[in-house]
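Colleague: What follows is a structure written as structure tokens; I'll ask about it next.
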Amino acid sequence: MAGSSGEREAVAYIRDRFDEMGLAVRVEPFEFETFVVKKATVSVLATEVSPKMIGFNPYRGTLTLEGRPVFVRPDVGGGDLGKLQLADGLVITADPAPFFQLMFGGPRAIIYLEPRDYDLLAVSPCSLATLRVDGDVVKRVSSNIAGTLGSDDRNADEIVVSAHYDSYRQSPGADDNARG
């Protein structure tokens, strides 16, 4: 994940491999903001559980979202996913439900639960779910890594190869890279 110790290890690994290949290597750090959740709960009727992961926007300190719960089976297929009315709902699911496909449906939030918590809430027919999130916006540092091979001649032809090396659960960096 960007700004994590794992990402710093990846930067060092990539820098070392570029160096071994004889490339001129530049590591270009930059600062960004991210949201760190201190506590989050989702409740349906009188049952309250803690999410495993959540996706929502905009990020801010304390947030309470209420909306229609949309229970999405973790093994939902693309055809079934297209039939669901996700817009403005609070999507409640578990791994391995596809985060980006769900996000394209326009929900207010996507809430990933442990499978046992998903099963507990999914049997509760109701029209309102509540997500409460308390967290902080924090600054972190990530880096671009550039490796150059060849001439410094400004008129020389250039070939640019890029890759995306940071990632996190439900958001494979290779997919981000392909979109970039």
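Starting from 1 in every chain, residues are counted up; chains themselves are A, B, ... following the order of the structure tokens, and ligands are numbered from 1 as listed.
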Select from stretch 10-150 of chain A everything DSSP, run on the backbone, classes as alpha helix (DSSP H), then give the selection as a JSON list (two decimals) with all heavy atoms, in the first residue's frame.
Modeller:
[["chain", "number", "residue", "atom", "x", "y", "z"],
["A", 10, "ALA", "N", 9.47, -2.33, -1.48],
["A", 10, "ALA", "CA", 9.32, -2.50, -2.93],
["A", 10, "ALA", "C", 10.17, -1.47, -3.69],
["A", 10, "ALA", "O", 10.81, -1.79, -4.69],
["A", 10, "ALA", "CB", 7.85, -2.37, -3.34],
["A", 11, "VAL", "N", 10.21, -0.23, -3.19],
["A", 11, "VAL", "CA", 11.03, 0.81, -3.82],
["A", 11, "VAL", "C", 12.50, 0.37, -3.80],
["A", 11, "VAL", "O", 13.20, 0.47, -4.82],
["A", 11, "VAL", "CB", 10.86, 2.17, -3.10],
["A", 11, "VAL", "CG1", 11.93, 3.16, -3.53],
["A", 11, "VAL", "CG2", 9.49, 2.74, -3.37],
["A", 12, "ALA", "N", 12.97, -0.10, -2.65],
["A", 12, "ALA", "CA", 14.37, -0.53, -2.55],
["A", 12, "ALA", "C", 14.65, -1.69, -3.50],
["A", 12, "ALA", "O", 15.69, -1.72, -4.17],
["A", 12, "ALA", "CB", 14.69, -0.93, -1.10],
["A", 13, "TYR", "N", 13.73, -2.64, -3.58],
["A", 13, "TYR", "CA", 13.89, -3.79, -4.47],
["A", 13, "TYR", "C", 13.98, -3.34, -5.94],
["A", 13, "TYR", "O", 14.89, -3.74, -6.67],
["A", 13, "TYR", "CB", 12.73, -4.77, -4.28],
["A", 13, "TYR", "CG", 12.80, -5.94, -5.23],
["A", 13, "TYR", "CD1", 13.58, -7.05, -4.93],
["A", 13, "TYR", "CD2", 12.08, -5.93, -6.42],
["A", 13, "TYR", "CE1", 13.66, -8.13, -5.80],
["A", 13, "TYR", "CE2", 12.15, -7.00, -7.30],
["A", 13, "TYR", "CZ", 12.94, -8.09, -6.98],
["A", 13, "TYR", "OH", 13.02, -9.15, -7.85],
["A", 14, "ILE", "N", 13.03, -2.49, -6.35],
["A", 14, "ILE", "CA", 13.02, -2.02, -7.74],
["A", 14, "ILE", "C", 14.27, -1.20, -8.03],
["A", 14, "ILE", "O", 14.91, -1.37, -9.08],
["A", 14, "ILE", "CB", 11.74, -1.19, -8.01],
["A", 14, "ILE", "CG1", 10.51, -2.10, -7.91],
["A", 14, "ILE", "CG2", 11.81, -0.51, -9.38],
["A", 14, "ILE", "CD1", 9.20, -1.34, -7.83],
["A", 15, "ARG", "N", 14.65, -0.32, -7.11],
["A", 15, "ARG", "CA", 15.86, 0.49, -7.28],
["A", 15, "ARG", "C", 17.08, -0.41, -7.48],
["A", 15, "ARG", "O", 17.89, -0.20, -8.39],
["A", 15, "ARG", "CB", 16.06, 1.41, -6.08],
["A", 15, "ARG", "CG", 17.26, 2.35, -6.21],
["A", 15, "ARG", "CD", 17.58, 3.04, -4.89],
["A", 15, "ARG", "NE", 17.90, 2.02, -3.90],
["A", 15, "ARG", "CZ", 17.39, 1.99, -2.67],
["A", 15, "ARG", "NH1", 16.55, 2.90, -2.25],
["A", 15, "ARG", "NH2", 17.73, 1.02, -1.83],
["A", 16, "ASP", "N", 17.20, -1.44, -6.65],
["A", 16, "ASP", "CA", 18.33, -2.36, -6.76],
["A", 16, "ASP", "C", 18.32, -3.12, -8.08],
["A", 16, "ASP", "O", 19.37, -3.32, -8.71],
["A", 16, "ASP", "CB", 18.34, -3.35, -5.59],
["A", 16, "ASP", "CG", 18.66, -2.68, -4.26],
["A", 16, "ASP", "OD1", 19.11, -1.50, -4.26],
["A", 16, "ASP", "OD2", 18.45, -3.34, -3.22],
["A", 17, "ARG", "N", 17.15, -3.57, -8.53],
["A", 17, "ARG", "CA", 17.08, -4.30, -9.81],
["A", 17, "ARG", "C", 17.43, -3.36, -10.97],
["A", 17, "ARG", "O", 18.15, -3.76, -11.90],
["A", 17, "ARG", "CB", 15.68, -4.87, -10.07],
["A", 17, "ARG", "CG", 15.17, -5.91, -9.07],
["A", 17, "ARG", "CD", 15.99, -7.18, -8.90],
["A", 17, "ARG", "NE", 17.18, -7.12, -8.13],
["A", 17, "ARG", "CZ", 17.28, -7.04, -6.79],
["A", 17, "ARG", "NH1", 16.22, -7.00, -6.03],
["A", 17, "ARG", "NH2", 18.45, -7.01, -6.19],
["A", 18, "PHE", "N", 16.94, -2.12, -10.94],
["A", 18, "PHE", "CA", 17.29, -1.15, -11.99],
["A", 18, "PHE", "C", 18.79, -0.91, -12.00],
["A", 18, "PHE", "O", 19.42, -0.87, -13.05],
["A", 18, "PHE", "CB", 16.57, 0.17, -11.77],
["A", 18, "PHE", "CG", 15.14, 0.21, -12.23],
["A", 18, "PHE", "CD1", 14.50, -0.90, -12.76],
["A", 18, "PHE", "CD2", 14.42, 1.40, -12.14],
["A", 18, "PHE", "CE1", 13.18, -0.84, -13.18],
["A", 18, "PHE", "CE2", 13.10, 1.47, -12.57],
["A", 18, "PHE", "CZ", 12.48, 0.36, -13.08],
["A", 19, "ASP", "N", 19.37, -0.77, -10.82],
["A", 19, "ASP", "CA", 20.81, -0.54, -10.70],
["A", 19, "ASP", "C", 21.58, -1.73, -11.28],
["A", 19, "ASP", "O", 22.55, -1.55, -12.02],
["A", 19, "ASP", "CB", 21.17, -0.30, -9.24],
["A", 19, "ASP", "CG", 22.58, 0.22, -9.07],
["A", 19, "ASP", "OD1", 22.96, 1.15, -9.80],
["A", 19, "ASP", "OD2", 23.30, -0.32, -8.20],
["A", 20, "GLU", "N", 21.16, -2.95, -10.96],
["A", 20, "GLU", "CA", 21.81, -4.15, -11.49],
["A", 20, "GLU", "C", 21.75, -4.20, -13.03],
["A", 20, "GLU", "O", 22.63, -4.75, -13.67],
["A", 20, "GLU", "CB", 21.16, -5.42, -10.94],
["A", 20, "GLU", "CG", 21.48, -5.69, -9.49],
["A", 20, "GLU", "CD", 20.67, -6.87, -8.95],
["A", 20, "GLU", "OE1", 19.92, -7.52, -9.72],
["A", 20, "GLU", "OE2", 20.79, -7.13, -7.74],
["A", 78, "GLY", "N", -20.33, -11.47, -12.54],
["A", 78, "GLY", "CA", -20.53, -10.23, -13.30],
["A", 78, "GLY", "C", -21.96, -10.05, -13.78],
["A", 78, "GLY", "O", -22.51, -8.97, -13.74],
["A", 79, "GLY", "N", -22.60, -11.13, -14.26],
["A", 79, "GLY", "CA", -23.97, -11.03, -14.75],
["A", 79, "GLY", "C", -24.95, -10.66, -13.65],
["A", 79, "GLY", "O", -25.82, -9.81, -13.82],
["A", 80, "ASP", "N", -24.79, -11.30, -12.49],
["A", 80, "ASP", "CA", -25.67, -11.00, -11.36],
["A", 80, "ASP", "C", -25.39, -9.61, -10.80],
["A", 80, "ASP", "O", -26.31, -8.91, -10.38],
["A", 80, "ASP", "CB", -25.49, -12.03, -10.24],
["A", 80, "ASP", "CG", -26.02, -13.40, -10.63],
["A", 80, "ASP", "OD1", -26.93, -13.47, -11.48],
["A", 80, "ASP", "OD2", -25.52, -14.39, -10.08],
["A", 81, "LEU", "N", -24.15, -9.21, -10.82],
["A", 81, "LEU", "CA", -23.77, -7.90, -10.29],
["A", 81, "LEU", "C", -24.46, -6.78, -11.07],
["A", 81, "LEU", "O", -24.93, -5.80, -10.50],
["A", 81, "LEU", "CB", -22.25, -7.73, -10.34],
["A", 81, "LEU", "CG", -21.66, -6.53, -9.64],
["A", 81, "LEU", "CD1", -22.02, -6.54, -8.16],
["A", 81, "LEU", "CD2", -20.17, -6.51, -9.81],
["A", 99, "PHE", "N", -14.30, -5.11, -5.62],
["A", 99, "PHE", "CA", -14.43, -3.73, -5.16],
["A", 99, "PHE", "C", -14.75, -2.75, -6.29],
["A", 99, "PHE", "O", -15.71, -1.99, -6.21],
["A", 99, "PHE", "CB", -13.16, -3.29, -4.43],
["A", 99, "PHE", "CG", -13.23, -1.89, -3.89],
["A", 99, "PHE", "CD1", -13.87, -1.64, -2.69],
["A", 99, "PHE", "CD2", -12.66, -0.83, -4.58],
["A", 99, "PHE", "CE1", -13.94, -0.34, -2.19],
["A", 99, "PHE", "CE2", -12.73, 0.47, -4.08],
["A", 99, "PHE", "CZ", -13.38, 0.70, -2.88],
["A", 100, "PHE", "N", -13.94, -2.74, -7.35],
["A", 100, "PHE", "CA", -14.13, -1.73, -8.39],
["A", 100, "PHE", "C", -15.43, -1.94, -9.16],
["A", 100, "PHE", "O", -16.10, -0.98, -9.51],
["A", 100, "PHE", "CB", -12.93, -1.68, -9.35],
["A", 100, "PHE", "CG", -11.75, -0.98, -8.75],
["A", 100, "PHE", "CD1", -10.61, -1.68, -8.42],
["A", 100, "PHE", "CD2", -11.80, 0.37, -8.46],
["A", 100, "PHE", "CE1", -9.53, -1.04, -7.84],
["A", 100, "PHE", "CE2", -10.73, 1.03, -7.87],
["A", 100, "PHE", "CZ", -9.59, 0.32, -7.57],
["A", 101, "GLN", "N", -15.82, -3.18, -9.39],
["A", 101, "GLN", "CA", -17.10, -3.41, -10.06],
["A", 101, "GLN", "C", -18.24, -2.92, -9.20],
["A", 101, "GLN", "O", -19.21, -2.36, -9.70],
["A", 101, "GLN", "CB", -17.27, -4.89, -10.40],
["A", 101, "GLN", "CG", -16.36, -5.33, -11.53],
["A", 101, "GLN", "CD", -16.47, -6.82, -11.82],
["A", 101, "GLN", "OE1", -16.81, -7.60, -10.93],
["A", 101, "GLN", "NE2", -16.19, -7.19, -13.04],
["A", 102, "LEU", "N", -18.15, -3.12, -7.89],
["A", 102, "LEU", "CA", -19.17, -2.61, -6.99],
["A", 102, "LEU", "C", -19.17, -1.07, -6.99],
["A", 102, "LEU", "O", -20.22, -0.44, -7.03],
["A", 102, "LEU", "CB", -18.94, -3.12, -5.57],
["A", 102, "LEU", "CG", -19.17, -4.61, -5.35],
["A", 102, "LEU", "CD1", -18.69, -5.03, -3.97],
["A", 102, "LEU", "CD2", -20.64, -4.97, -5.54],
["A", 103, "MET", "N", -17.99, -0.46, -6.96],
["A", 103, "MET", "CA", -17.88, 1.00, -6.90],
["A", 103, "MET", "C", -18.52, 1.65, -8.13],
["A", 103, "MET", "O", -19.13, 2.71, -8.02],
["A", 103, "MET", "CB", -16.41, 1.39, -6.76],
["A", 103, "MET", "CG", -16.22, 2.77, -6.21],
["A", 103, "MET", "SD", -17.04, 2.92, -4.61],
["A", 103, "MET", "CE", -15.82, 3.78, -3.71],
["A", 115, "PRO", "N", -16.85, -13.12, 6.92],
["A", 115, "PRO", "CA", -17.98, -13.93, 6.43],
["A", 115, "PRO", "C", -19.06, -14.21, 7.48],
["A", 115, "PRO", "O", -20.25, -14.12, 7.19],
["A", 115, "PRO", "CB", -17.31, -15.22, 5.96],
["A", 115, "PRO", "CG", -15.93, -14.79, 5.56],
["A", 115, "PRO", "CD", -15.56, -13.71, 6.56],
["A", 116, "ARG", "N", -18.66, -14.49, 8.72],
["A", 116, "ARG", "CA", -19.67, -14.78, 9.75],
["A", 116, "ARG", "C", -20.51, -13.54, 10.05],
["A", 116, "ARG", "O", -21.71, -13.65, 10.32],
["A", 116, "ARG", "CB", -19.02, -15.35, 11.01],
["A", 116, "ARG", "CG", -18.16, -14.36, 11.76],
["A", 116, "ARG", "CD", -17.50, -14.97, 13.01],
["A", 116, "ARG", "NE", -16.71, -14.01, 13.70],
["A", 116, "ARG", "CZ", -15.50, -13.59, 13.32],
["A", 116, "ARG", "NH1", -14.95, -14.10, 12.26],
["A", 116, "ARG", "NH2", -14.85, -12.69, 14.02],
["A", 117, "ASP", "N", -19.90, -12.33, 10.02],
["A", 117, "ASP", "CA", -20.65, -11.10, 10.25],
["A", 117, "ASP", "C", -21.58, -10.80, 9.08],
["A", 117, "ASP", "O", -22.71, -10.34, 9.27],
["A", 117, "ASP", "CB", -19.70, -9.92, 10.50],
["A", 117, "ASP", "CG", -18.98, -10.03, 11.83],
["A", 117, "ASP", "OD1", -19.47, -10.75, 12.73],
["A", 117, "ASP", "OD2", -17.92, -9.39, 11.97],
["A", 118, "TYR", "N", -21.11, -11.08, 7.86],
["A", 118, "TYR", "CA", -21.96, -10.90, 6.67],
["A", 118, "TYR", "C", -23.20, -11.80, 6.80],
["A", 118, "TYR", "O", -24.33, -11.33, 6.62],
["A", 118, "TYR", "CB", -21.19, -11.24, 5.39],
["A", 118, "TYR", "CG", -22.09, -11.24, 4.16],
["A", 118, "TYR", "CD1", -22.41, -10.05, 3.53],
["A", 118, "TYR", "CD2", -22.63, -12.42, 3.68],
["A", 118, "TYR", "CE1", -23.24, -10.03, 2.42],
["A", 118, "TYR", "CE2", -23.47, -12.42, 2.58],
["A", 118, "TYR", "CZ", -23.78, -11.23, 1.95],
["A", 118, "TYR", "OH", -24.62, -11.22, 0.87],
["A", 119, "ASP", "N", -22.99, -13.07, 7.13],
["A", 119, "ASP", "CA", -24.12, -14.00, 7.27],
["A", 119, "ASP", "C", -25.08, -13.54, 8.36],
["A", 119, "ASP", "O", -26.29, -13.66, 8.21],
["A", 119, "ASP", "CB", -23.61, -15.41, 7.59],
["A", 119, "ASP", "CG", -22.86, -16.04, 6.41],
["A", 119, "ASP", "OD1", -23.03, -15.58, 5.25],
["A", 119, "ASP", "OD2", -22.08, -16.99, 6.66],
["A", 120, "LEU", "N", -24.55, -13.00, 9.44],
["A", 120, "LEU", "CA", -25.37, -12.52, 10.56],
["A", 120, "LEU", "C", -26.28, -11.37, 10.12],
["A", 120, "LEU", "O", -27.47, -11.35, 10.42],
["A", 120, "LEU", "CB", -24.46, -12.07, 11.71],
["A", 120, "LEU", "CG", -25.12, -11.52, 12.96],
["A", 120, "LEU", "CD1", -25.88, -12.64, 13.68],
["A", 120, "LEU", "CD2", -24.07, -10.92, 13.88],
["A", 121, "LEU", "N", -25.72, -10.41, 9.37],
["A", 121, "LEU", "CA", -26.51, -9.25, 8.95],
["A", 121, "LEU", "C", -27.41, -9.54, 7.75],
["A", 121, "LEU", "O", -28.50, -8.98, 7.65],
["A", 121, "LEU", "CB", -25.59, -8.07, 8.60],
["A", 121, "LEU", "CG", -24.79, -7.45, 9.74],
["A", 121, "LEU", "CD1", -24.06, -6.21, 9.24],
["A", 121, "LEU", "CD2", -25.67, -7.10, 10.92],
["A", 122, "ALA", "N", -26.98, -10.41, 6.86],
["A", 122, "ALA", "CA", -27.73, -10.65, 5.62],
["A", 122, "ALA", "C", -29.09, -11.29, 5.87],
["A", 122, "ALA", "O", -29.98, -11.18, 5.03],
["A", 122, "ALA", "CB", -26.91, -11.52, 4.67]]
Colleague: Against stretch 51-71 of chain A, which residues of stretch 95-167 of chain A fall within 7 Å? For each one I want the closest pair of atoms and the distance in Å (one decimal), counting only C-alpha atoms, rows by chain and increasing residue number, as a Markdown table.
Modeller:
| residue | atom | partner | partner_atom | distance |
| --- | --- | --- | --- | --- |
| A:Arg108 | CA | A:Phe56 | CA | 6.5 |
| A:Ala109 | CA | A:Phe56 | CA | 4.6 |
| A:Ile110 | CA | A:Gly55 | CA | 5.1 |
| A:Ile111 | CA | A:Ile54 | CA | 4.6 |
| A:Tyr112 | CA | A:Met53 | CA | 5.0 |
| A:Leu113 | CA | A:Pro51 | CA | 4.8 |
| A:Glu114 | CA | A:Lys52 | CA | 6.2 |
| A:Ala122 | CA | A:Phe71 | CA | 6.2 |
| A:Ser127 | CA | A:Arg68 | CA | 5.3 |
| A:Leu128 | CA | A:Arg68 | CA | 4.9 |
| A:Ala129 | CA | A:Pro69 | CA | 5.4 |
| A:Thr130 | CA | A:Glu66 | CA | 4.5 |
| A:Leu131 | CA | A:Leu65 | CA | 5.1 |
| A:Arg132 | CA | A:Thr64 | CA | 4.5 |
| A:Val133 | CA | A:Leu63 | CA | 5.1 |
| A:Asp134 | CA | A:Thr62 | CA | 4.4 |
| A:Gly135 | CA | A:Gly61 | CA | 5.0 |
| A:Asp136 | CA | A:Gly61 | CA | 5.1 |
| A:Val137 | CA | A:Arg60 | CA | 6.6 |
Colleague: For the selection just defined, write its residues with N, CA, C and O atoms to a file, as a PDB file, in the first residue's frame.
Modeller:
ATOM      1  N   ARG A 108     -23.121   4.506  -1.815  1.00  0.00           N
ATOM      2  CA  ARG A 108     -22.602   5.507  -0.881  1.00  0.00           C
ATOM      3  C   ARG A 108     -21.357   4.980  -0.181  1.00  0.00           C
ATOM      4  O   ARG A 108     -20.478   5.746   0.182  1.00  0.00           O
ATOM      5  N   ALA A 109     -21.296   3.657   0.028  1.00  0.00           N
ATOM      6  CA  ALA A 109     -20.138   3.021   0.663  1.00  0.00           C
ATOM      7  C   ALA A 109     -20.163   1.537   0.333  1.00  0.00           C
ATOM      8  O   ALA A 109     -21.215   0.975   0.040  1.00  0.00           O
ATOM      9  N   ILE A 110     -18.984   0.924   0.382  1.00  0.00           N
ATOM     10  CA  ILE A 110     -18.856  -0.530   0.272  1.00  0.00           C
ATOM     11  C   ILE A 110     -18.246  -1.002   1.577  1.00  0.00           C
ATOM     12  O   ILE A 110     -17.206  -0.499   2.004  1.00  0.00           O
ATOM     13  N   ILE A 111     -18.905  -1.954   2.201  1.00  0.00           N
ATOM     14  CA  ILE A 111     -18.504  -2.414   3.524  1.00  0.00           C
ATOM     15  C   ILE A 111     -18.189  -3.906   3.430  1.00  0.00           C
ATOM     16  O   ILE A 111     -19.074  -4.709   3.128  1.00  0.00           O
ATOM     17  N   TYR A 112     -16.933  -4.250   3.647  1.00  0.00           N
ATOM     18  CA  TYR A 112     -16.516  -5.653   3.665  1.00  0.00           C
ATOM     19  C   TYR A 112     -16.517  -6.143   5.100  1.00  0.00           C
ATOM     20  O   TYR A 112     -15.919  -5.510   5.976  1.00  0.00           O
ATOM     21  N   LEU A 113     -17.180  -7.275   5.327  1.00  0.00           N
ATOM     22  CA  LEU A 113     -17.255  -7.874   6.659  1.00  0.00           C
ATOM     23  C   LEU A 113     -16.577  -9.234   6.654  1.00  0.00           C
ATOM     24  O   LEU A 113     -16.373  -9.839   5.602  1.00  0.00           O
ATOM     25  N   GLU A 114     -16.285  -9.715   7.840  1.00  0.00           N
ATOM     26  CA  GLU A 114     -15.884 -11.110   7.978  1.00  0.00           C
ATOM     27  C   GLU A 114     -17.080 -11.943   7.530  1.00  0.00           C
ATOM     28  O   GLU A 114     -18.238 -11.533   7.727  1.00  0.00           O
ATOM     29  N   ALA A 122     -26.978 -10.414   6.858  1.00  0.00           N
ATOM     30  CA  ALA A 122     -27.728 -10.654   5.620  1.00  0.00           C
ATOM     31  C   ALA A 122     -29.091 -11.289   5.871  1.00  0.00           C
ATOM     32  O   ALA A 122     -29.980 -11.177   5.031  1.00  0.00           O
ATOM     33  N   SER A 127     -34.718  -1.952   6.040  1.00  0.00           N
ATOM     34  CA  SER A 127     -34.564  -0.937   4.998  1.00  0.00           C
ATOM     35  C   SER A 127     -33.522   0.117   5.339  1.00  0.00           C
ATOM     36  O   SER A 127     -33.354   1.074   4.598  1.00  0.00           O
ATOM     37  N   LEU A 128     -32.810  -0.047   6.469  1.00  0.00           N
ATOM     38  CA  LEU A 128     -31.843   0.967   6.862  1.00  0.00           C
ATOM     39  C   LEU A 128     -30.610   0.319   7.499  1.00  0.00           C
ATOM     40  O   LEU A 128     -30.724  -0.528   8.374  1.00  0.00           O
ATOM     41  N   ALA A 129     -29.448   0.741   7.023  1.00  0.00           N
ATOM     42  CA  ALA A 129     -28.172   0.354   7.630  1.00  0.00           C
ATOM     43  C   ALA A 129     -27.432   1.638   7.975  1.00  0.00           C
ATOM     44  O   ALA A 129     -27.634   2.674   7.334  1.00  0.00           O
ATOM     45  N   THR A 130     -26.574   1.561   8.979  1.00  0.00           N
ATOM     46  CA  THR A 130     -25.806   2.731   9.404  1.00  0.00           C
ATOM     47  C   THR A 130     -24.334   2.364   9.466  1.00  0.00           C
ATOM     48  O   THR A 130     -23.968   1.358  10.070  1.00  0.00           O
ATOM     49  N   LEU A 131     -23.514   3.188   8.839  1.00  0.00           N
ATOM     50  CA  LEU A 131     -22.059   3.048   8.900  1.00  0.00           C
ATOM     51  C   LEU A 131     -21.527   4.239   9.671  1.00  0.00           C
ATOM     52  O   LEU A 131     -21.797   5.390   9.317  1.00  0.00           O
ATOM     53  N   ARG A 132     -20.780   3.954  10.727  1.00  0.00           N
ATOM     54  CA  ARG A 132     -20.132   5.016  11.509  1.00  0.00           C
ATOM     55  C   ARG A 132     -18.629   4.827  11.385  1.00  0.00           C
ATOM     56  O   ARG A 132     -18.118   3.734  11.630  1.00  0.00           O
ATOM     57  N   VAL A 133     -17.942   5.906  11.026  1.00  0.00           N
ATOM     58  CA  VAL A 133     -16.492   5.848  10.837  1.00  0.00           C
ATOM     59  C   VAL A 133     -15.861   7.008  11.580  1.00  0.00           C
ATOM     60  O   VAL A 133     -16.303   8.147  11.464  1.00  0.00           O
ATOM     61  N   ASP A 134     -14.813   6.709  12.322  1.00  0.00           N
ATOM     62  CA  ASP A 134     -14.016   7.744  12.972  1.00  0.00           C
ATOM     63  C   ASP A 134     -12.576   7.523  12.528  1.00  0.00           C
ATOM     64  O   ASP A 134     -12.051   6.411  12.617  1.00  0.00           O
ATOM     65  N   GLY A 135     -11.954   8.562  12.010  1.00  0.00           N
ATOM     66  CA  GLY A 135     -10.586   8.427  11.536  1.00  0.00           C
ATOM     67  C   GLY A 135      -9.935   9.780  11.335  1.00  0.00           C
ATOM     68  O   GLY A 135     -10.509  10.812  11.672  1.00  0.00           O
ATOM     69  N   ASP A 136      -8.748   9.742  10.786  1.00  0.00           N
ATOM     70  CA  ASP A 136      -7.972  10.956  10.570  1.00  0.00           C
ATOM     71  C   ASP A 136      -7.401  10.978   9.162  1.00  0.00           C
ATOM     72  O   ASP A 136      -6.986   9.936   8.638  1.00  0.00           O
ATOM     73  N   VAL A 137      -7.347  12.160   8.574  1.00  0.00           N
ATOM     74  CA  VAL A 137      -6.616  12.355   7.329  1.00  0.00           C
ATOM     75  C   VAL A 137      -5.159  12.584   7.720  1.00  0.00           C
ATOM     76  O   VAL A 137      -4.870  13.438   8.557  1.00  0.00           O
TER      77      VAL A 137
END
Colleague: Between atom CA of A:Ala146 and atom CA of A:Arg26, what is the distance in Å, rounded to a tenth?
Modeller: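 A separation of 5.1 Å between them.
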Colleague: Pick out each residue of stretch 8-118 of chain A that DSSP on the backbone tags as strand (DSSP E or B); I need them as a ChimeraX atom specification.
Modeller: /A:24-44,47-49,53-56,62-67,69-71,90-93,109-112
Colleague: Can you tell me how far atom CA of A:Thr34 sits from atom CA of A:Pro107, in Å to one decimal?
Modeller: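 Separation between atom CA of A:Thr34 and atom CA of A:Pro107: 20.5 Å.
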Colleague: Find the distance between atom CA of A:Val27 and atom CA of A:Ala163 and write it in Å to one decimal.
Modeller: 14.2 Å
Colleague: Write out as number ranges by chain the residues lying within 9 Å of A:Pro74, counting only C-alpha atoms and excluding same-chain residues fewer than 4 positions away.
Modeller: A: 93-98, 115
Colleague: Using only C-alpha atoms, determine which residues lie at most 7 Å from A:Pro29, disregarding the query and same-chain residues fewer than 4 positions distant; provide the list as a PyMOL selection string.
Modeller: chain A and resi 141-144
Colleague: Choose the residue, out of A:Gly6, A:Leu90, A:Gly22, A:Phe104, that has the smallest atom-to-atom separation from A:Gly150; count only C-alpha atoms.
Modeller: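 For A:Gly150, the nearest of the given residues is A:Gly22.
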